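Beneath this line is the structure, given in structure tokens, with notes to follow.
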Amino acid sequence: MREIPFHRPAIGEEEIRSVSETLRAGWLTMGPKTLQFEQAFAEYLGVPHAVSVSSCTAALHLALACIGLKEGDEVLVPDSTFAATAEVVTYFKARPVVVDVHKDDLLMDVEAAERAVTPKTRAIIPVHHSGQACDMDPLLDLARRRNVHLVEDAAHAIPTTYKGRKIGALGPLTCFSFYATKTLATGEGGMVTTFDEKQAARIRVLRLHGIDKDAWKRYTKEGSWYYEVVEAGYKYNLTDPQAALGLVQLHRLEALHEARRRIAEAYRDAFASMEGLRPLRVHGERGHAWHLFVILLDLERLNITREGFIRTMAERGIGTSVHFIPLHRQPYYRDTFGLSAPDFPSCEWAYQRQVSLPIYPDMTREDVAYVIEAVRELLALHRR
Ligand SMILES: Cc1ncc(COP(=O)(O)O)c(C=O)c1O
């Protein structure tokens, strides 16, 4: 039997060489490689500022600090997301206001977001779920009309485009993740992109203890031992070995993306004619990063549960997952903010049916065919 894990990182000799060289250079924390990675990332997206941090969670935290989020403020977040999107709001004693998503693409329902805006709303954090962009035009319009900030959670979204424009170079503040499973991986890591020089400078200060400028340079030849702490910051910097990985992954991004795109195409072609499931909707004018490939089981036509499907796939050596358990089902968010399933009908409906299939550049054609065949057989066996 084949073993197809849910994820395998795309780390090759180039990455290993780049990290080894950096280790030999002897700079273990933030340094010249990190700056090189930031510059290359900003150039790739065509934005003036990219500031690296230790994770997307840190990126979201500092982006919210940048817009001056305060106790009692409200921030709209989608129901189908990882806890990080909502948790950063609570760091400020502000309230995450959970908004339903569309059942066919798991992206924030902009009309539901509009209804959730109150005089306390300070920001919206749309999530580009799976690597597909949210509907950015109406979101940008809503943010402008209601005078609220837009901070994009682009943890899944490189390379992602919306009407030909790259995510990261579209909205005012965008947060990326380089977590181990992401499309550009450094193990742990993140980035904030912005057009605003003041915001970039503030994030640079906050990510290293609130030290006023170029704190990392104090151990270089041109640096000085003297520094000033101008506010209480955080320890949120990226490191040079991570950046060395990131630079190679960025260089390979188009090739890695092409490999993901081909797997997605093979899945979509095969599933188009299969009864009993359908993949998430793909919007024609949006370029998908294919971080995740999510299918929705047609439970009404099957005599197998989602759990049964996942178990049977595992018995055939195929790893799957679910992205995500909705916030309204997480005990902390449910109980603290009084969330219940009937208020999020679309997300709840999708959650009961959704499964994420393996999709990563190192999957061979045979691996992909094996997954497709397993799904085909399983559905044939369990069709009502
Ligand atoms: C939608 C979303 N937002 C934020 C994060 C947090 O990213 P990180 O692990 O880099 O902090 C994740 C991580 O999985 C995510 O899926």
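In the structure tokens, chains take the letters A, B, ... in the order shown, each chain's residues start at 1, and ligands count up from 1 in the order shown.
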
When the cut-off is 7 Å and you count only C-alpha atoms and all ligand atoms, which residues lie near ligand 1, shown as a PDB file with all heavy atoms, in the first residue's frame?
ATOM      1  N   SER A  55       6.157  34.744  12.940  1.00  0.00           N
ATOM      2  CA  SER A  55       4.999  33.947  12.526  1.00  0.00           C
ATOM      3  C   SER A  55       3.936  34.870  11.943  1.00  0.00           C
ATOM      4  O   SER A  55       4.028  36.098  12.075  1.00  0.00           O
ATOM      5  CB  SER A  55       4.395  33.203  13.732  1.00  0.00           C
ATOM      6  OG  SER A  55       3.826  34.133  14.631  1.00  0.00           O
ATOM      7  N   CYS A  56       2.916  34.255  11.353  1.00  0.00           N
ATOM      8  CA  CYS A  56       1.787  35.062  10.873  1.00  0.00           C
ATOM      9  C   CYS A  56       0.990  35.585  12.064  1.00  0.00           C
ATOM     10  O   CYS A  56       0.414  36.673  12.008  1.00  0.00           O
ATOM     11  CB  CYS A  56       0.895  34.227   9.958  1.00  0.00           C
ATOM     12  SG  CYS A  56      -0.468  35.124   9.231  1.00  0.00           S
ATOM     13  N   THR A  57       0.974  34.813  13.137  1.00  0.00           N
ATOM     14  CA  THR A  57       0.281  35.276  14.350  1.00  0.00           C
ATOM     15  C   THR A  57       0.924  36.575  14.831  1.00  0.00           C
ATOM     16  O   THR A  57       0.220  37.550  15.157  1.00  0.00           O
ATOM     17  CB  THR A  57       0.361  34.187  15.446  1.00  0.00           C
ATOM     18  OG1 THR A  57      -0.074  32.944  14.892  1.00  0.00           O
ATOM     19  CG2 THR A  57      -0.507  34.533  16.640  1.00  0.00           C
ATOM     20  N   ALA A  58       2.277  36.607  14.859  1.00  0.00           N
ATOM     21  CA  ALA A  58       2.993  37.833  15.248  1.00  0.00           C
ATOM     22  C   ALA A  58       2.695  38.957  14.252  1.00  0.00           C
ATOM     23  O   ALA A  58       2.498  40.115  14.647  1.00  0.00           O
ATOM     24  CB  ALA A  58       4.489  37.557  15.306  1.00  0.00           C
ATOM     25  N   THR A  81     -11.631  29.663  10.095  1.00  0.00           N
ATOM     26  CA  THR A  81     -10.230  30.058  10.129  1.00  0.00           C
ATOM     27  C   THR A  81      -9.536  29.370  11.285  1.00  0.00           C
ATOM     28  O   THR A  81     -10.178  28.757  12.142  1.00  0.00           O
ATOM     29  CB  THR A  81     -10.070  31.584  10.235  1.00  0.00           C
ATOM     30  OG1 THR A  81      -8.679  31.926  10.030  1.00  0.00           O
ATOM     31  CG2 THR A  81     -10.505  32.132  11.587  1.00  0.00           C
ATOM     32  N   PHE A  82      -8.214  29.514  11.298  1.00  0.00           N
ATOM     33  CA  PHE A  82      -7.421  29.002  12.411  1.00  0.00           C
ATOM     34  C   PHE A  82      -7.557  29.988  13.581  1.00  0.00           C
ATOM     35  O   PHE A  82      -7.789  31.181  13.382  1.00  0.00           O
ATOM     36  CB  PHE A  82      -5.963  28.882  11.961  1.00  0.00           C
ATOM     37  CG  PHE A  82      -5.077  28.223  12.969  1.00  0.00           C
ATOM     38  CD1 PHE A  82      -5.345  26.955  13.433  1.00  0.00           C
ATOM     39  CD2 PHE A  82      -3.968  28.883  13.461  1.00  0.00           C
ATOM     40  CE1 PHE A  82      -4.528  26.346  14.368  1.00  0.00           C
ATOM     41  CE2 PHE A  82      -3.134  28.285  14.393  1.00  0.00           C
ATOM     42  CZ  PHE A  82      -3.416  27.016  14.848  1.00  0.00           C
ATOM     43  N   ALA A  84      -5.616  31.575  15.345  1.00  0.00           N
ATOM     44  CA  ALA A  84      -4.726  32.745  15.360  1.00  0.00           C
ATOM     45  C   ALA A  84      -5.438  34.029  14.929  1.00  0.00           C
ATOM     46  O   ALA A  84      -5.209  35.101  15.508  1.00  0.00           O
ATOM     47  CB  ALA A  84      -3.526  32.497  14.452  1.00  0.00           C
ATOM     48  N   THR A  85      -6.306  33.926  13.918  1.00  0.00           N
ATOM     49  CA  THR A  85      -6.971  35.112  13.369  1.00  0.00           C
ATOM     50  C   THR A  85      -7.793  35.829  14.436  1.00  0.00           C
ATOM     51  O   THR A  85      -7.856  37.063  14.464  1.00  0.00           O
ATOM     52  CB  THR A  85      -7.905  34.698  12.199  1.00  0.00           C
ATOM     53  OG1 THR A  85      -7.257  33.703  11.414  1.00  0.00           O
ATOM     54  CG2 THR A  85      -8.277  35.890  11.334  1.00  0.00           C
ATOM     55  N   VAL A 127      -9.774  36.273   5.546  1.00  0.00           N
ATOM     56  CA  VAL A 127      -8.805  35.181   5.404  1.00  0.00           C
ATOM     57  C   VAL A 127      -8.915  34.622   3.984  1.00  0.00           C
ATOM     58  O   VAL A 127     -10.006  34.247   3.552  1.00  0.00           O
ATOM     59  CB  VAL A 127      -9.095  34.052   6.431  1.00  0.00           C
ATOM     60  CG1 VAL A 127      -8.213  32.839   6.177  1.00  0.00           C
ATOM     61  CG2 VAL A 127      -8.909  34.571   7.846  1.00  0.00           C
ATOM     62  N   HIS A 129      -8.809  31.893   2.396  1.00  0.00           N
ATOM     63  CA  HIS A 129      -8.868  30.467   2.749  1.00  0.00           C
ATOM     64  C   HIS A 129      -8.362  29.576   1.613  1.00  0.00           C
ATOM     65  O   HIS A 129      -8.768  29.752   0.459  1.00  0.00           O
ATOM     66  CB  HIS A 129     -10.315  30.108   3.085  1.00  0.00           C
ATOM     67  CG  HIS A 129     -10.478  28.805   3.800  1.00  0.00           C
ATOM     68  ND1 HIS A 129     -10.201  27.599   3.202  1.00  0.00           N
ATOM     69  CD2 HIS A 129     -10.878  28.510   5.053  1.00  0.00           C
ATOM     70  CE1 HIS A 129     -10.440  26.626   4.063  1.00  0.00           C
ATOM     71  NE2 HIS A 129     -10.849  27.152   5.205  1.00  0.00           N
ATOM     72  N   ASP A 153      -5.446  38.373   6.374  1.00  0.00           N
ATOM     73  CA  ASP A 153      -4.767  37.157   6.817  1.00  0.00           C
ATOM     74  C   ASP A 153      -4.455  36.359   5.555  1.00  0.00           C
ATOM     75  O   ASP A 153      -5.320  35.666   5.008  1.00  0.00           O
ATOM     76  CB  ASP A 153      -5.664  36.367   7.777  1.00  0.00           C
ATOM     77  CG  ASP A 153      -4.995  35.095   8.294  1.00  0.00           C
ATOM     78  OD1 ASP A 153      -4.097  34.581   7.597  1.00  0.00           O
ATOM     79  OD2 ASP A 153      -5.388  34.611   9.363  1.00  0.00           O
ATOM     80  N   ALA A 155      -2.171  33.981   5.319  1.00  0.00           N
ATOM     81  CA  ALA A 155      -1.360  32.822   5.737  1.00  0.00           C
ATOM     82  C   ALA A 155      -1.294  31.753   4.649  1.00  0.00           C
ATOM     83  O   ALA A 155      -0.314  31.028   4.551  1.00  0.00           O
ATOM     84  CB  ALA A 155      -1.913  32.233   7.028  1.00  0.00           C
ATOM     85  N   HIS A 156      -2.358  31.674   3.821  1.00  0.00           N
ATOM     86  CA  HIS A 156      -2.407  30.630   2.782  1.00  0.00           C
ATOM     87  C   HIS A 156      -2.093  31.206   1.399  1.00  0.00           C
ATOM     88  O   HIS A 156      -2.173  30.463   0.418  1.00  0.00           O
ATOM     89  CB  HIS A 156      -3.817  30.032   2.685  1.00  0.00           C
ATOM     90  CG  HIS A 156      -4.336  29.445   3.961  1.00  0.00           C
ATOM     91  ND1 HIS A 156      -5.587  28.882   4.066  1.00  0.00           N
ATOM     92  CD2 HIS A 156      -3.782  29.330   5.186  1.00  0.00           C
ATOM     93  CE1 HIS A 156      -5.787  28.443   5.300  1.00  0.00           C
ATOM     94  NE2 HIS A 156      -4.705  28.716   6.011  1.00  0.00           N
ATOM     95  N   SER A 177       2.261  33.770   6.311  1.00  0.00           N
ATOM     96  CA  SER A 177       2.825  32.737   7.190  1.00  0.00           C
ATOM     97  C   SER A 177       3.834  31.896   6.420  1.00  0.00           C
ATOM     98  O   SER A 177       3.584  31.520   5.270  1.00  0.00           O
ATOM     99  CB  SER A 177       1.711  31.809   7.694  1.00  0.00           C
ATOM    100  OG  SER A 177       2.289  30.717   8.400  1.00  0.00           O
ATOM    101  N   PHE A 178       4.935  31.585   7.053  1.00  0.00           N
ATOM    102  CA  PHE A 178       5.923  30.672   6.469  1.00  0.00           C
ATOM    103  C   PHE A 178       6.043  29.414   7.325  1.00  0.00           C
ATOM    104  O   PHE A 178       7.089  28.771   7.386  1.00  0.00           O
ATOM    105  CB  PHE A 178       7.282  31.367   6.332  1.00  0.00           C
ATOM    106  CG  PHE A 178       7.229  32.697   5.630  1.00  0.00           C
ATOM    107  CD1 PHE A 178       7.915  33.800   6.127  1.00  0.00           C
ATOM    108  CD2 PHE A 178       6.462  32.857   4.483  1.00  0.00           C
ATOM    109  CE1 PHE A 178       7.856  35.029   5.487  1.00  0.00           C
ATOM    110  CE2 PHE A 178       6.395  34.087   3.826  1.00  0.00           C
ATOM    111  CZ  PHE A 178       7.095  35.174   4.337  1.00  0.00           C
ATOM    112  N   TYR A 179       4.966  29.085   8.016  1.00  0.00           N
ATOM    113  CA  TYR A 179       4.878  27.873   8.834  1.00  0.00           C
ATOM    114  C   TYR A 179       5.211  26.639   7.964  1.00  0.00           C
ATOM    115  O   TYR A 179       5.039  26.667   6.744  1.00  0.00           O
ATOM    116  CB  TYR A 179       3.459  27.774   9.426  1.00  0.00           C
ATOM    117  CG  TYR A 179       3.224  26.573  10.291  1.00  0.00           C
ATOM    118  CD1 TYR A 179       3.880  26.449  11.506  1.00  0.00           C
ATOM    119  CD2 TYR A 179       2.355  25.564   9.890  1.00  0.00           C
ATOM    120  CE1 TYR A 179       3.676  25.324  12.295  1.00  0.00           C
ATOM    121  CE2 TYR A 179       2.140  24.451  10.677  1.00  0.00           C
ATOM    122  CZ  TYR A 179       2.814  24.334  11.879  1.00  0.00           C
ATOM    123  OH  TYR A 179       2.614  23.236  12.651  1.00  0.00           O
ATOM    124  N   GLU A 188       9.061  28.143  10.887  1.00  0.00           N
ATOM    125  CA  GLU A 188       8.202  29.167  11.503  1.00  0.00           C
ATOM    126  C   GLU A 188       8.613  30.482  10.860  1.00  0.00           C
ATOM    127  O   GLU A 188       9.789  30.662  10.530  1.00  0.00           O
ATOM    128  CB  GLU A 188       8.430  29.260  13.016  1.00  0.00           C
ATOM    129  CG  GLU A 188       8.150  27.992  13.808  1.00  0.00           C
ATOM    130  CD  GLU A 188       6.673  27.711  14.021  1.00  0.00           C
ATOM    131  OE1 GLU A 188       5.826  28.553  13.659  1.00  0.00           O
ATOM    132  OE2 GLU A 188       6.368  26.622  14.538  1.00  0.00           O
ATOM    133  N   GLY A 189       7.684  31.396  10.729  1.00  0.00           N
ATOM    134  CA  GLY A 189       8.046  32.692  10.146  1.00  0.00           C
ATOM    135  C   GLY A 189       6.830  33.407   9.604  1.00  0.00           C
ATOM    136  O   GLY A 189       5.775  32.788   9.390  1.00  0.00           O
ATOM    137  N   GLY A 190       6.971  34.698   9.399  1.00  0.00           N
ATOM    138  CA  GLY A 190       5.868  35.483   8.847  1.00  0.00           C
ATOM    139  C   GLY A 190       6.370  36.800   8.289  1.00  0.00           C
ATOM    140  O   GLY A 190       7.558  37.127   8.420  1.00  0.00           O
TER     141      GLY A 190
END

For this session: Just the residues within 7 Å of segment 2-10 of chain A, please, counting only C-alpha atoms, with nothing from its chain fewer than 3 positions along; format it as a PyMOL selection string.
Result: chain A and resi 180-181+317-320+357-358+360-362+367

For this session: Write out as number ranges by chain each polymer residue whose atoms come within 10 Å of Pro159 of chain A, counting only C-alpha atoms; drop sequence neighbours fewer than 3 positions from it.
Result: A: 44-45, 131-132, 154, 156, 166-168, 183-184, 250, 253-254, 257, 287-291

Selection from above, N, CA, C and O atoms, as a PDB file, in the first residue's frame, can you write it?
ATOM      1  N   TYR A  44       9.273  40.911  -5.045  1.00  0.00           N
ATOM      2  CA  TYR A  44       8.414  39.911  -5.690  1.00  0.00           C
ATOM      3  C   TYR A  44       6.965  40.401  -5.764  1.00  0.00           C
ATOM      4  O   TYR A  44       6.289  40.247  -6.780  1.00  0.00           O
ATOM      5  N   LEU A  45       6.497  40.997  -4.663  1.00  0.00           N
ATOM      6  CA  LEU A  45       5.101  41.446  -4.635  1.00  0.00           C
ATOM      7  C   LEU A  45       4.920  42.824  -5.264  1.00  0.00           C
ATOM      8  O   LEU A  45       3.810  43.208  -5.614  1.00  0.00           O
ATOM      9  N   GLY A 131      -5.923  29.574  -0.057  1.00  0.00           N
ATOM     10  CA  GLY A 131      -5.043  30.214  -1.038  1.00  0.00           C
ATOM     11  C   GLY A 131      -5.822  30.931  -2.120  1.00  0.00           C
ATOM     12  O   GLY A 131      -5.245  31.392  -3.104  1.00  0.00           O
ATOM     13  N   GLN A 132      -7.150  31.000  -1.936  1.00  0.00           N
ATOM     14  CA  GLN A 132      -7.988  31.751  -2.870  1.00  0.00           C
ATOM     15  C   GLN A 132      -8.381  33.091  -2.238  1.00  0.00           C
ATOM     16  O   GLN A 132      -8.781  33.144  -1.071  1.00  0.00           O
ATOM     17  N   ALA A 154      -3.199  36.503   5.105  1.00  0.00           N
ATOM     18  CA  ALA A 154      -2.761  35.843   3.864  1.00  0.00           C
ATOM     19  C   ALA A 154      -1.866  34.650   4.189  1.00  0.00           C
ATOM     20  O   ALA A 154      -0.946  34.327   3.435  1.00  0.00           O
ATOM     21  N   HIS A 156      -2.358  31.674   3.821  1.00  0.00           N
ATOM     22  CA  HIS A 156      -2.407  30.630   2.782  1.00  0.00           C
ATOM     23  C   HIS A 156      -2.093  31.206   1.399  1.00  0.00           C
ATOM     24  O   HIS A 156      -2.173  30.463   0.418  1.00  0.00           O
ATOM     25  N   LYS A 166      -1.500  40.995  -7.136  1.00  0.00           N
ATOM     26  CA  LYS A 166      -1.021  40.059  -6.120  1.00  0.00           C
ATOM     27  C   LYS A 166      -1.547  40.416  -4.738  1.00  0.00           C
ATOM     28  O   LYS A 166      -1.517  41.592  -4.345  1.00  0.00           O
ATOM     29  N   ILE A 167      -1.979  39.413  -4.003  1.00  0.00           N
ATOM     30  CA  ILE A 167      -2.322  39.602  -2.591  1.00  0.00           C
ATOM     31  C   ILE A 167      -1.021  39.971  -1.873  1.00  0.00           C
ATOM     32  O   ILE A 167       0.014  39.328  -2.058  1.00  0.00           O
ATOM     33  N   GLY A 168      -1.085  41.024  -1.087  1.00  0.00           N
ATOM     34  CA  GLY A 168       0.121  41.562  -0.448  1.00  0.00           C
ATOM     35  C   GLY A 168       0.421  42.936  -1.021  1.00  0.00           C
ATOM     36  O   GLY A 168       1.048  43.766  -0.373  1.00  0.00           O
ATOM     37  N   THR A 183       2.865  27.343   1.648  1.00  0.00           N
ATOM     38  CA  THR A 183       3.367  27.267   0.266  1.00  0.00           C
ATOM     39  C   THR A 183       4.783  27.826   0.148  1.00  0.00           C
ATOM     40  O   THR A 183       5.501  27.505  -0.779  1.00  0.00           O
ATOM     41  N   LEU A 184       5.165  28.693   1.054  1.00  0.00           N
ATOM     42  CA  LEU A 184       6.551  29.163   1.177  1.00  0.00           C
ATOM     43  C   LEU A 184       6.904  28.921   2.644  1.00  0.00           C
ATOM     44  O   LEU A 184       6.353  29.585   3.525  1.00  0.00           O
ATOM     45  N   LEU A 250      11.411  31.290  -2.013  1.00  0.00           N
ATOM     46  CA  LEU A 250      10.862  32.388  -2.824  1.00  0.00           C
ATOM     47  C   LEU A 250      11.341  32.257  -4.264  1.00  0.00           C
ATOM     48  O   LEU A 250      10.565  32.436  -5.212  1.00  0.00           O
ATOM     49  N   LEU A 253       9.378  29.661  -5.895  1.00  0.00           N
ATOM     50  CA  LEU A 253       7.930  29.763  -5.665  1.00  0.00           C
ATOM     51  C   LEU A 253       7.092  29.425  -6.900  1.00  0.00           C
ATOM     52  O   LEU A 253       6.118  28.680  -6.803  1.00  0.00           O
ATOM     53  N   GLU A 254       7.481  29.972  -8.047  1.00  0.00           N
ATOM     54  CA  GLU A 254       6.668  29.737  -9.257  1.00  0.00           C
ATOM     55  C   GLU A 254       6.648  28.246  -9.600  1.00  0.00           C
ATOM     56  O   GLU A 254       5.608  27.695  -9.958  1.00  0.00           O
ATOM     57  N   HIS A 257       4.595  26.389  -7.105  1.00  0.00           N
ATOM     58  CA  HIS A 257       3.176  26.690  -7.338  1.00  0.00           C
ATOM     59  C   HIS A 257       2.651  25.917  -8.537  1.00  0.00           C
ATOM     60  O   HIS A 257       1.535  25.388  -8.506  1.00  0.00           O
ATOM     61  N   GLY A 287      -6.318  34.109  -8.894  1.00  0.00           N
ATOM     62  CA  GLY A 287      -5.251  33.117  -9.011  1.00  0.00           C
ATOM     63  C   GLY A 287      -5.039  32.430  -7.670  1.00  0.00           C
ATOM     64  O   GLY A 287      -4.767  33.079  -6.660  1.00  0.00           O
ATOM     65  N   HIS A 288      -5.196  31.114  -7.641  1.00  0.00           N
ATOM     66  CA  HIS A 288      -5.247  30.326  -6.406  1.00  0.00           C
ATOM     67  C   HIS A 288      -3.845  29.829  -6.039  1.00  0.00           C
ATOM     68  O   HIS A 288      -3.138  29.301  -6.892  1.00  0.00           O
ATOM     69  N   ALA A 289      -3.441  29.964  -4.786  1.00  0.00           N
ATOM     70  CA  ALA A 289      -2.118  29.468  -4.355  1.00  0.00           C
ATOM     71  C   ALA A 289      -2.119  27.953  -4.158  1.00  0.00           C
ATOM     72  O   ALA A 289      -1.066  27.330  -4.085  1.00  0.00           O
ATOM     73  N   TRP A 290      -3.310  27.370  -4.036  1.00  0.00           N
ATOM     74  CA  TRP A 290      -3.461  25.928  -3.797  1.00  0.00           C
ATOM     75  C   TRP A 290      -2.656  25.454  -2.591  1.00  0.00           C
ATOM     76  O   TRP A 290      -1.961  24.448  -2.641  1.00  0.00           O
ATOM     77  N   HIS A 291      -2.777  26.195  -1.487  1.00  0.00           N
ATOM     78  CA  HIS A 291      -2.225  25.706  -0.216  1.00  0.00           C
ATOM     79  C   HIS A 291      -3.010  24.474   0.222  1.00  0.00           C
ATOM     80  O   HIS A 291      -2.447  23.506   0.717  1.00  0.00           O
TER      81      HIS A 291
END

For this session: Tell me which protein, DNA and RNA residues are within 12 Å of segment 136-143 of chain A, counting only C-alpha atoms, leaving out same-chain ones fewer than 4 positions away, and put them as a PyMOL selection string.
Result: chain A and resi 75-76+107-117+121-128+132+147-152+161-173+285-286

Restrict the calculation to only C-alpha atoms, then for each residue of segment 232-347 of chain A with any atom at most 8 Å from an atom of segment 198-213 of chain A give the closest atom pair and their distance in Å to one decimal, rows by chain and rising residue number, as JSON lines.
{"residue": "A:Ala232", "atom": "CA", "partner": "A:Gly210", "partner_atom": "CA", "distance": 5.3}
{"residue": "A:Gly233", "atom": "CA", "partner": "A:His209", "partner_atom": "CA", "distance": 3.9}
{"residue": "A:Tyr234", "atom": "CA", "partner": "A:His209", "partner_atom": "CA", "distance": 4.7}
{"residue": "A:Lys235", "atom": "CA", "partner": "A:Leu208", "partner_atom": "CA", "distance": 5.2}
{"residue": "A:Tyr236", "atom": "CA", "partner": "A:Arg207", "partner_atom": "CA", "distance": 4.6}
{"residue": "A:Asn237", "atom": "CA", "partner": "A:Arg207", "partner_atom": "CA", "distance": 5.7}

Write a file of the selected residues as an mmCIF file, in the first residue's frame, keeping N, CA, C and O atoms.
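What ended up in result17.cif:
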data_model
loop_
_atom_site.group_PDB
_atom_site.id
_atom_site.type_symbol
_atom_site.label_atom_id
_atom_site.label_comp_id
_atom_site.auth_asym_id
_atom_site.auth_seq_id
_atom_site.Cartn_x
_atom_site.Cartn_y
_atom_site.Cartn_z
ATOM 1 N N ALA A 232 7.174 49.429 24.816
ATOM 2 C CA ALA A 232 7.271 48.015 25.211
ATOM 3 C C ALA A 232 6.957 47.166 23.981
ATOM 4 O O ALA A 232 5.818 47.125 23.524
ATOM 5 N N GLY A 233 7.979 46.518 23.442
ATOM 6 C CA GLY A 233 7.771 45.729 22.220
ATOM 7 C C GLY A 233 7.692 44.237 22.495
ATOM 8 O O GLY A 233 7.301 43.809 23.595
ATOM 9 N N TYR A 234 8.068 43.465 21.508
ATOM 10 C CA TYR A 234 7.959 41.997 21.577
ATOM 11 C C TYR A 234 9.226 41.361 21.024
ATOM 12 O O TYR A 234 10.056 42.044 20.419
ATOM 13 N N LYS A 235 9.367 40.064 21.219
ATOM 14 C CA LYS A 235 10.482 39.326 20.621
ATOM 15 C C LYS A 235 9.909 38.520 19.462
ATOM 16 O O LYS A 235 9.539 37.358 19.616
ATOM 17 N N TYR A 236 9.792 39.163 18.308
ATOM 18 C CA TYR A 236 9.061 38.582 17.194
ATOM 19 C C TYR A 236 9.898 38.526 15.911
ATOM 20 O O TYR A 236 9.329 38.533 14.825
ATOM 21 N N ASN A 237 11.248 38.533 16.044
ATOM 22 C CA ASN A 237 12.046 38.590 14.822
ATOM 23 C C ASN A 237 12.200 37.229 14.137
ATOM 24 O O ASN A 237 12.137 36.182 14.788
#

Exercise. From the list A:Pro78, A:Thr174, A:Glu300, A:Thr22, which residue is nearest Arg384 of chain A when using only C-alpha atoms?
Worked result: A:Glu300

For this session: Find the distance between atom CA of Val368 of chain A and atom CA of Tyr267 of chain A and write it in Å to one decimal.
Result: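 So the answer is 7.7 Å.
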
Using only C-alpha atoms, which protein or nucleic acid residues come within 12 Å of Asp298 of chain A? Drop anything in the same chain fewer than 6 positions from it, and give the result as a short mmCIF file (atom, residue, chain, number, x, y, z; two decimals) with N, CA and C atoms, in the first residue's frame.
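Everything below was put into around.cif:
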data_model
loop_
_atom_site.label_atom_id
_atom_site.label_comp_id
_atom_site.auth_asym_id
_atom_site.auth_seq_id
_atom_site.Cartn_x
_atom_site.Cartn_y
_atom_site.Cartn_z
N MET A 274 -17.61 13.09 -10.78
CA MET A 274 -17.89 12.12 -9.71
C MET A 274 -19.08 12.58 -8.87
N GLU A 275 -20.04 11.68 -8.72
CA GLU A 275 -21.17 12.03 -7.86
C GLU A 275 -20.82 11.74 -6.41
N GLY A 276 -21.23 12.62 -5.52
CA GLY A 276 -21.00 12.38 -4.10
C GLY A 276 -20.04 13.37 -3.46
N LEU A 277 -19.41 14.22 -4.26
CA LEU A 277 -18.57 15.26 -3.68
C LEU A 277 -18.43 16.40 -4.68
N ARG A 278 -18.05 17.57 -4.14
CA ARG A 278 -17.60 18.61 -5.06
C ARG A 278 -16.53 19.44 -4.38
N PRO A 279 -15.53 19.85 -5.17
CA PRO A 279 -14.48 20.69 -4.60
C PRO A 279 -15.02 22.09 -4.31
N ILE A 304 -22.03 7.24 4.16
CA ILE A 304 -20.82 7.28 4.97
C ILE A 304 -20.74 8.67 5.57
N THR A 305 -20.22 8.74 6.79
CA THR A 305 -20.08 10.07 7.41
C THR A 305 -18.73 10.68 7.00
N ARG A 306 -18.53 11.95 7.34
CA ARG A 306 -17.23 12.58 7.07
C ARG A 306 -16.14 11.82 7.84
N PHE A 309 -15.31 8.66 6.10
CA PHE A 309 -14.51 8.96 4.90
C PHE A 309 -13.04 9.14 5.29
N TRP A 349 -22.68 24.12 7.81
CA TRP A 349 -23.04 23.17 6.73
C TRP A 349 -21.77 22.66 6.07
N ALA A 350 -20.87 23.59 5.72
CA ALA A 350 -19.63 23.19 5.03
C ALA A 350 -18.74 22.36 5.95
N GLN A 352 -19.47 20.28 8.26
CA GLN A 352 -19.89 18.88 8.40
C GLN A 352 -19.50 18.03 7.20
N ARG A 353 -19.23 18.70 6.08
CA ARG A 353 -18.96 17.98 4.82
C ARG A 353 -17.53 18.08 4.33
N GLN A 354 -16.72 18.98 4.91
CA GLN A 354 -15.44 19.26 4.26
C GLN A 354 -14.30 18.35 4.68
N VAL A 355 -13.44 18.07 3.71
CA VAL A 355 -12.21 17.29 3.92
C VAL A 355 -11.12 17.93 3.07
N LEU A 379 -16.49 6.42 -2.86
CA LEU A 379 -17.81 6.99 -3.17
C LEU A 379 -18.70 5.92 -3.82
N HIS A 382 -20.17 3.68 -1.27
CA HIS A 382 -21.06 4.28 -0.27
C HIS A 382 -22.14 5.18 -0.86
N ARG A 383 -22.35 5.08 -2.17
CA ARG A 383 -23.40 5.92 -2.77
C ARG A 383 -24.75 5.33 -2.42
N ARG A 384 -25.69 6.19 -2.08
CA ARG A 384 -27.04 5.69 -1.77
C ARG A 384 -27.81 5.38 -3.02
#
